[in-house]
Amino acid sequence: MRAARLIKMVLLLQSRPSMTAAELARELEVSERTVTRDAQALSEAGVPVYADRGRAGGYRLVGGYRTRLTGLHRGEAEALFLSGVPGALREMGLEDAASAARLKVSAALLPSLRDASRTAAQRFHLDAPNWFKEPKTPVLLPAVADAVWDDRRITARYRRGEDEVVRELEPYGLVLKAGVWYLCARVAGGGSFRVYRIDRFTAVDTAGERFEREPEFDLPAFWEERAEQFARSILRARVVVRLSLDGVRRLPYALDSLSAREALADADAPDDDGWVTVALPVESEEVAHTQLTALGPEVEVLAPESLRERFAGDALRLAGLYHPRDGV
C-alpha cells in the first residue's frame, strides 16, 4: 500500500543523513521513478524532502525534521501492534491506549491517507474464538495483562483439579487460542516455564517486584513447542485403519493434522484396491470412534477389534435406517 510505503520512506530518511534513489528503491522494493514520485508527493504534503543532484547526491530531510509518530508513549506503541485484534485489546484493558495511538498515527499521516485505518479495518478482521462457543473473558485478565506489560511478578491462586494452588510467577506473555486465554510464565526464583489457563485463576496479587526478562525468550516459539508437546502427550492409544484415496485426503481434517500426516508418511504403498493401511496415534478408542466416523465409508478399522466391532454395529444400524422403504 502506498500509505505504508510513504511512511517507511520518511522513517528511512529520518534514520540516515541521506539515501540515493537506488538505495530507497531497494529498501522500498519499487522503481527509482516511483521513489521520485513519492518524494514529490511528500514534499507537496509539507514533508521537507530535499533532492541533492549529482553522482554523490540523494534524498534527505531538511532541518532535522521528525515525524509526529514519535509522540507515542510506550503503552500506546505496544497497544498499536495489537490494534488488529480489537477484542483482545478490549479484554486486556488496552482499548483506550490503542485508540489514542491510532489517533496520533492518523494525525501524522497525509490528509489523503488519514482514512487508512478505517479502510484497513474494513478489509481485515481476526475472529479468534471457535464456532459455536460463547467466549468468556476471564475476570482477572486485565490484571494479569498489566503485570505482563510491566514485567512484574504476581502471586496467583489457581484451580488444579479439586485443589487450589498458590504460585509466585514471572508473567512473560499472553496467548489467545481459540477464544481461551493462556499465561506463559516462569515460576519465580529461576523455575521452569509453564502455561496456565487464566480462567482457572481465582485470585491474582500484582504487587510483586519487577523481574528481569530473559532476552532470548521467544513467545511464539515457546507456545508452538508446548502446544505440540501437549498434542502428543494426549495421544496414548493406537488404531490401525485402511483408507481410500478420499479418506487419505480427509484424514488430517478429522484427526490431529500433524500426527495424521506423520502416520501417512510412514504408511505402506496402496494395496490392489488403492487403499492405504495406516497406524494412527489417538487419544482414546472413544475419541477415535468419534473422529473416524467423520470419514464414513472411506475408512475401515482393522484394530483394535473392539473398535472394529463398534463400527460394524454402526454399519448395521445405518443399514436398518436406510433400508428401502415399502412401495419405493
# chains A, B, ... in the order shown; residues from 1 in each chain; ligands from 1
$ residues_around --residues "Ala156 (chain A)" --least-positions-apart "4" --cutoff "7 Å" --atoms "only C-alpha atoms" --output "short mmCIF file (atom, residue, chain, number, x, y, z; two decimals) with N, CA and C atoms, in the first residue's frame"
data_model
loop_
_atom_site.label_atom_id
_atom_site.label_comp_id
_atom_site.auth_asym_id
_atom_site.auth_seq_id
_atom_site.Cartn_x
_atom_site.Cartn_y
_atom_site.Cartn_z
N VAL A 166 -1.12 -22.06 45.11
CA VAL A 166 -0.60 -20.70 45.06
C VAL A 166 0.83 -20.74 44.51
N ARG A 167 1.10 -19.90 43.50
CA ARG A 167 2.42 -19.83 42.90
C ARG A 167 2.82 -18.35 42.71
N GLU A 168 4.11 -18.09 42.92
CA GLU A 168 4.66 -16.79 42.55
C GLU A 168 5.25 -16.92 41.16
N PHE A 201 -7.61 -19.07 37.22
CA PHE A 201 -7.10 -18.26 38.32
C PHE A 201 -8.29 -17.81 39.18
N ALA A 203 -7.50 -15.84 42.11
CA ALA A 203 -7.02 -14.60 42.71
C ALA A 203 -5.64 -14.29 42.16
N VAL A 204 -5.35 -12.99 41.98
CA VAL A 204 -4.04 -12.56 41.49
C VAL A 204 -3.61 -11.32 42.24
N ASP A 205 -2.43 -11.36 42.83
CA ASP A 205 -1.84 -10.20 43.50
C ASP A 205 -0.72 -9.68 42.60
#
$ residues_around --residues "Arg5 (chain A)" --least-positions-apart "4" --cutoff "12 Å" --atoms "only C-alpha atoms" --output "PyMOL selection string"
chain A and resi 1+9-12+24-25+27-30+34-35+37-39+41-42+109+113
$ atom_distance --atom1 "CA of Arg160 (chain A)" --atom2 "CA of Thr137 (chain A)"
19.5 Å
$ select_by_dssp --residues "region 131-297 of chain A" --states "helix (DSSP H, G or I)" --output "MDAnalysis selection string"
chainID A and resid 141:150 198:200 219:233 245:254 257:265 285:293 296:297
$ write_last_selection --atoms "C-alpha atoms" --output "compact mmCIF listing (two decimals), in the first residue's frame"
# COMPACT_ATOMS: atom_id res chain seq x y z
CA LEU A 141 -7.22 -10.99 32.61
CA PRO A 142 -6.67 -7.18 32.77
CA ALA A 143 -4.66 -7.50 35.99
CA VAL A 144 -2.53 -10.28 34.51
CA ALA A 145 -2.06 -8.27 31.29
CA ASP A 146 -0.84 -5.24 33.29
CA ALA A 147 1.75 -7.44 35.00
CA VAL A 148 2.88 -8.86 31.65
CA TRP A 149 3.39 -5.38 30.15
CA ASP A 150 5.15 -4.14 33.31
CA ILE A 198 -6.24 -17.70 33.07
CA ASP A 199 -9.88 -18.67 33.58
CA ARG A 200 -8.66 -21.09 36.27
CA LEU A 219 6.92 -16.42 22.96
CA PRO A 220 5.71 -17.81 19.58
CA ALA A 221 8.42 -20.48 19.56
CA PHE A 222 7.73 -21.42 23.18
CA TRP A 223 3.99 -21.71 22.55
CA GLU A 224 4.46 -23.79 19.41
CA GLU A 225 6.73 -26.22 21.26
CA ARG A 226 4.39 -26.57 24.24
CA ALA A 227 1.32 -26.93 22.05
CA GLU A 228 3.00 -29.74 20.11
CA GLN A 229 4.10 -31.44 23.34
CA PHE A 230 0.54 -31.26 24.67
CA ALA A 231 -0.95 -32.64 21.47
CA ARG A 232 1.45 -35.58 21.53
CA SER A 233 1.03 -36.24 25.25
CA LEU A 245 -7.81 -42.20 -1.60
CA ASP A 246 -10.51 -39.78 -0.42
CA GLY A 247 -10.02 -41.00 3.17
CA VAL A 248 -6.30 -40.21 2.94
CA ARG A 249 -7.13 -36.70 1.76
CA ARG A 250 -9.65 -36.08 4.54
CA LEU A 251 -7.74 -37.72 7.41
CA PRO A 252 -5.75 -34.58 8.51
CA TYR A 253 -9.06 -32.73 8.91
CA ALA A 254 -10.62 -35.45 11.07
CA SER A 257 -3.25 -32.90 11.50
CA LEU A 258 0.42 -33.27 12.47
CA SER A 259 0.00 -36.84 13.77
CA ALA A 260 -2.14 -37.79 10.76
CA ARG A 261 0.43 -36.53 8.26
CA GLU A 262 3.29 -38.26 10.09
CA ALA A 263 1.33 -41.53 10.12
CA LEU A 264 0.56 -41.23 6.41
CA ALA A 265 4.23 -40.59 5.68
CA GLU A 285 -10.80 -45.53 21.47
CA GLU A 286 -13.84 -43.39 22.28
CA VAL A 287 -12.30 -40.30 20.69
CA ALA A 288 -11.08 -42.32 17.69
CA HIS A 289 -14.62 -43.61 17.13
CA THR A 290 -15.97 -40.06 17.02
CA GLN A 291 -13.19 -38.75 14.77
CA LEU A 292 -13.10 -41.62 12.29
CA THR A 293 -16.89 -41.64 11.95
CA GLY A 296 -17.78 -42.55 6.68
CA PRO A 297 -17.21 -45.38 4.16
$ residues_around --residues "Gly208 (chain A)" --least-positions-apart "2" --cutoff "10 Å" --atoms "only C-alpha atoms" --output "compact mmCIF listing (two decimals) with C-alpha atoms, in the first residue's frame"
# COMPACT_ATOMS: atom_id res chain seq x y z
CA ALA A 147 1.75 -7.44 35.00
CA ASP A 151 7.39 -7.23 33.86
CA ARG A 152 6.03 -7.50 37.39
CA ARG A 153 5.84 -10.67 39.45
CA ILE A 154 2.41 -11.90 40.50
CA THR A 155 1.16 -14.23 43.19
CA GLU A 168 4.66 -16.79 42.55
CA LEU A 169 5.11 -16.28 38.84
CA GLU A 170 7.06 -14.14 36.40
CA ASP A 205 -1.84 -10.20 43.50
CA THR A 206 0.10 -7.89 41.15
CA ARG A 210 9.70 -6.25 38.74
CA PHE A 211 11.75 -9.07 37.26
$ atom_distance --atom1 "CA of Leu302 (chain A)" --atom2 "CA of Ala315 (chain A)"
14.7 Å
$ atom_distance --atom1 "CA of Ala22 (chain A)" --atom2 "CA of Pro48 (chain A)"
19.7 Å
